[in-house]
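A quick write-up on the structure given underneath.
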Amino acid sequence: MRDFLLLLADNTQILGHRLGEWCGHGPELEIDMAMTNLALDLIGQSRNYYQYAAELEGAGRTEDDLAYLRDAREFRNCLLVEQPNGDFAHTVARNFLFDSWHYFFLQALCQSNDERLAAIAGKSLKEVTYHLRWSSEWVIRLGDGTEESHSRIQDAFDNLWTFRGELLTPAPFETEAASAGYGVDLHAIRPLVEDRLSDILAQATLQRPEDGWMQSGGKTGRHSEHLGYILAEMQYVQRAYPNSVW
Amino acid sequence: MANHSEFPLWEVFIRSHGGLNHKHVGSLHAADAQMALEHARDVYTRRMEGVSIWVVPSTAITASDPADTDPFFEPARDKIYRHPTFYDIPEGLKHM
């Protein structure tokens, strides 16, 4: 259960951090606010999972210990969420790939036999319903927009496609979670995710990239070099001034 | 910041509770009505300000001209009899 909770916590924490990097740099004031809203939603969700994981450990650690004092190899997040923001289209494509999975994942997690997980999923789903709507509309807007916006978001999908396989490929602890009834059967939600992807890409007049070789490893702690830089920034204060509070 | 001349301006109205009226809260830039609605949600309802949003293209609003202030509003100034303040309220009548 701990690994499963950390997967959910780290996915939302790291993507939240990435979106937070847009703060003050958004292409429009309104979009800047939208992305930081998404970031705060995700970081709030990650706190729920970290708190639960820390309680389950029973080792006196807190949510902060889990977020700020683990090393990259102990993070369980998918490689997709640690990918750099790139341009706005790249961020939109990354978020859409994540949201279209996250939405159906949470829907299924609402049926978890673990009451607390089901409650967290139910609360998160309301936020993620908006996240998916937001990223879907931007995919369509950019894809069906100008020649430049179309080519930028097509490039983004082409580049990120290799990271989407991991979302739907269960790690051993996820298979265990699904069969124990508190997790999600990724094979069961795959058709829903695929349909949504195809539908939105078609509306956006984008080419769906070929499903070729897919990256993997994030869920078991083998990350791209990007995660180290994220953690360096995210954990700096706690590492430099241990136990500091404000 | 991007060139704001690319996105037209919209006026945002928020209903704070069921039953109350929508009130003007500000304006924002967006390419179309759908985007304006989402921007309004992201910019103006982050602190539980509302339960309903209207967005209207700013160009759709016809405003009175400040130069017309006198002819428009001055004539009402000396007609206090239009206020319902000249009635004797019977004793014991509450909630007036």
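The way I read the labels, and the way they are meant: chains A, B, ... in the order of the structure tokens, residue 1 as the first residue of every chain, and ligand 1 as the first ligand shown, with later ones counted on from there.
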
TODO: Give me, as a PyMOL selection string, the contact residues of chain A against chain B at a cut-off of 10 Å, counting only C-alpha atoms.
DONE: chain A and resi 24-38+130+133-134+137-138+141

Open item on the list: Give me, as JSON, numbers by chain, all polymer residues having an atom no more than 10 Å from segment 19-23 of chain B, counting only C-alpha atoms and skipping those fewer than 4 positions away in the same chain.
Closed with: {"B": [12, 13, 14, 15, 50, 51, 52, 53, 54]}

Selection export as a CSV table (one decimal), in the first residue's frame, atoms kept: C-alpha atoms:
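Below is the file that was written, again.csv:
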chain,number,residue,atom,x,y,z
B,12,VAL,CA,-17.3,39.2,-15.7
B,13,PHE,CA,-20.3,38.9,-13.5
B,14,ILE,CA,-20.5,36.6,-10.6
B,15,ARG,CA,-23.5,35.4,-8.6
B,50,GLY,CA,-19.5,32.4,-6.6
B,51,VAL,CA,-21.9,29.8,-7.8
B,52,SER,CA,-22.5,31.2,-11.3
B,53,ILE,CA,-20.6,33.2,-13.8
B,54,TRP,CA,-21.6,35.3,-16.8

Task: Closest of A:Arg18, A:Arg208, A:Arg73, A:Lys126 to Glu225 of chain A - atom-to-atom distances counting only C-alpha atoms - done: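 The shortest atom-to-atom distance to Glu225 of chain A comes from A:Arg73.
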
Near Ser58 of chain B, counting only C-alpha atoms, which residues have an atom at most 8 Å away, once you skip same-chain residues fewer than 5 positions from it, shown as a compact mmCIF listing (two decimals) with C-alpha atoms, in the first residue's frame?
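This is the output file out38.txt:
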# COMPACT_ATOMS: atom_id res chain seq x y z
CA LEU B 9 -11.81 42.05 -23.47
CA TRP B 10 -14.70 40.46 -21.53
CA GLU B 11 -16.68 41.67 -18.53

TODO: Mind the document's chain letters and residue numbers, and return as a PyMOL selection string the residues of segment 1-70 of chain B that DSSP labels helix (DSSP H, G or I).
DONE: chain B and resi 4-6+33-44+58-60+66-70

Selected residues written out, C-alpha atoms, as a PDB file, in the first residue's frame:
ATOM      1  CA  HIS B   4      -3.177  41.876 -25.299  1.00  0.00           C
ATOM      2  CA  SER B   5      -4.498  43.330 -28.510  1.00  0.00           C
ATOM      3  CA  GLU B   6      -4.780  39.713 -29.706  1.00  0.00           C
ATOM      4  CA  ALA B  33     -16.644  32.898 -24.714  1.00  0.00           C
ATOM      5  CA  GLN B  34     -15.608  29.447 -23.530  1.00  0.00           C
ATOM      6  CA  MET B  35     -12.087  30.601 -22.704  1.00  0.00           C
ATOM      7  CA  ALA B  36     -13.503  33.696 -21.021  1.00  0.00           C
ATOM      8  CA  LEU B  37     -15.676  31.535 -18.788  1.00  0.00           C
ATOM      9  CA  GLU B  38     -12.729  29.382 -17.760  1.00  0.00           C
ATOM     10  CA  HIS B  39     -10.469  32.369 -17.202  1.00  0.00           C
ATOM     11  CA  ALA B  40     -13.171  33.925 -15.066  1.00  0.00           C
ATOM     12  CA  ARG B  41     -13.384  30.732 -13.052  1.00  0.00           C
ATOM     13  CA  ASP B  42      -9.602  30.711 -12.586  1.00  0.00           C
ATOM     14  CA  VAL B  43      -9.176  34.390 -11.824  1.00  0.00           C
ATOM     15  CA  TYR B  44     -12.341  35.424  -9.981  1.00  0.00           C
ATOM     16  CA  SER B  58     -16.986  44.343 -23.362  1.00  0.00           C
ATOM     17  CA  THR B  59     -17.912  45.661 -26.795  1.00  0.00           C
ATOM     18  CA  ALA B  60     -21.498  44.493 -26.199  1.00  0.00           C
ATOM     19  CA  PRO B  66     -19.866  60.998 -18.470  1.00  0.00           C
ATOM     20  CA  ALA B  67     -20.659  64.206 -20.359  1.00  0.00           C
ATOM     21  CA  ASP B  68     -24.327  63.287 -20.045  1.00  0.00           C
ATOM     22  CA  THR B  69     -24.202  63.145 -16.261  1.00  0.00           C
ATOM     23  CA  ASP B  70     -26.210  66.317 -15.763  1.00  0.00           C
TER      24      ASP B  70
END

TODO: May I ask for the distance between atom CA of Gln215 of chain A and atom CA of Leu80 of chain A, given in Å to one decimal place?
DONE: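 These atoms are spaced 9.2 Å apart.
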
Open item on the list: Could you tell me how far atom CA of Asn95 of chain A sits from atom CA of Ile230 of chain A, in Å to one decimal place?
Closed with: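 Straight-line distance from atom CA of Ile230 of chain A to atom CA of Asn95 of chain A works out to 17.2 Å.
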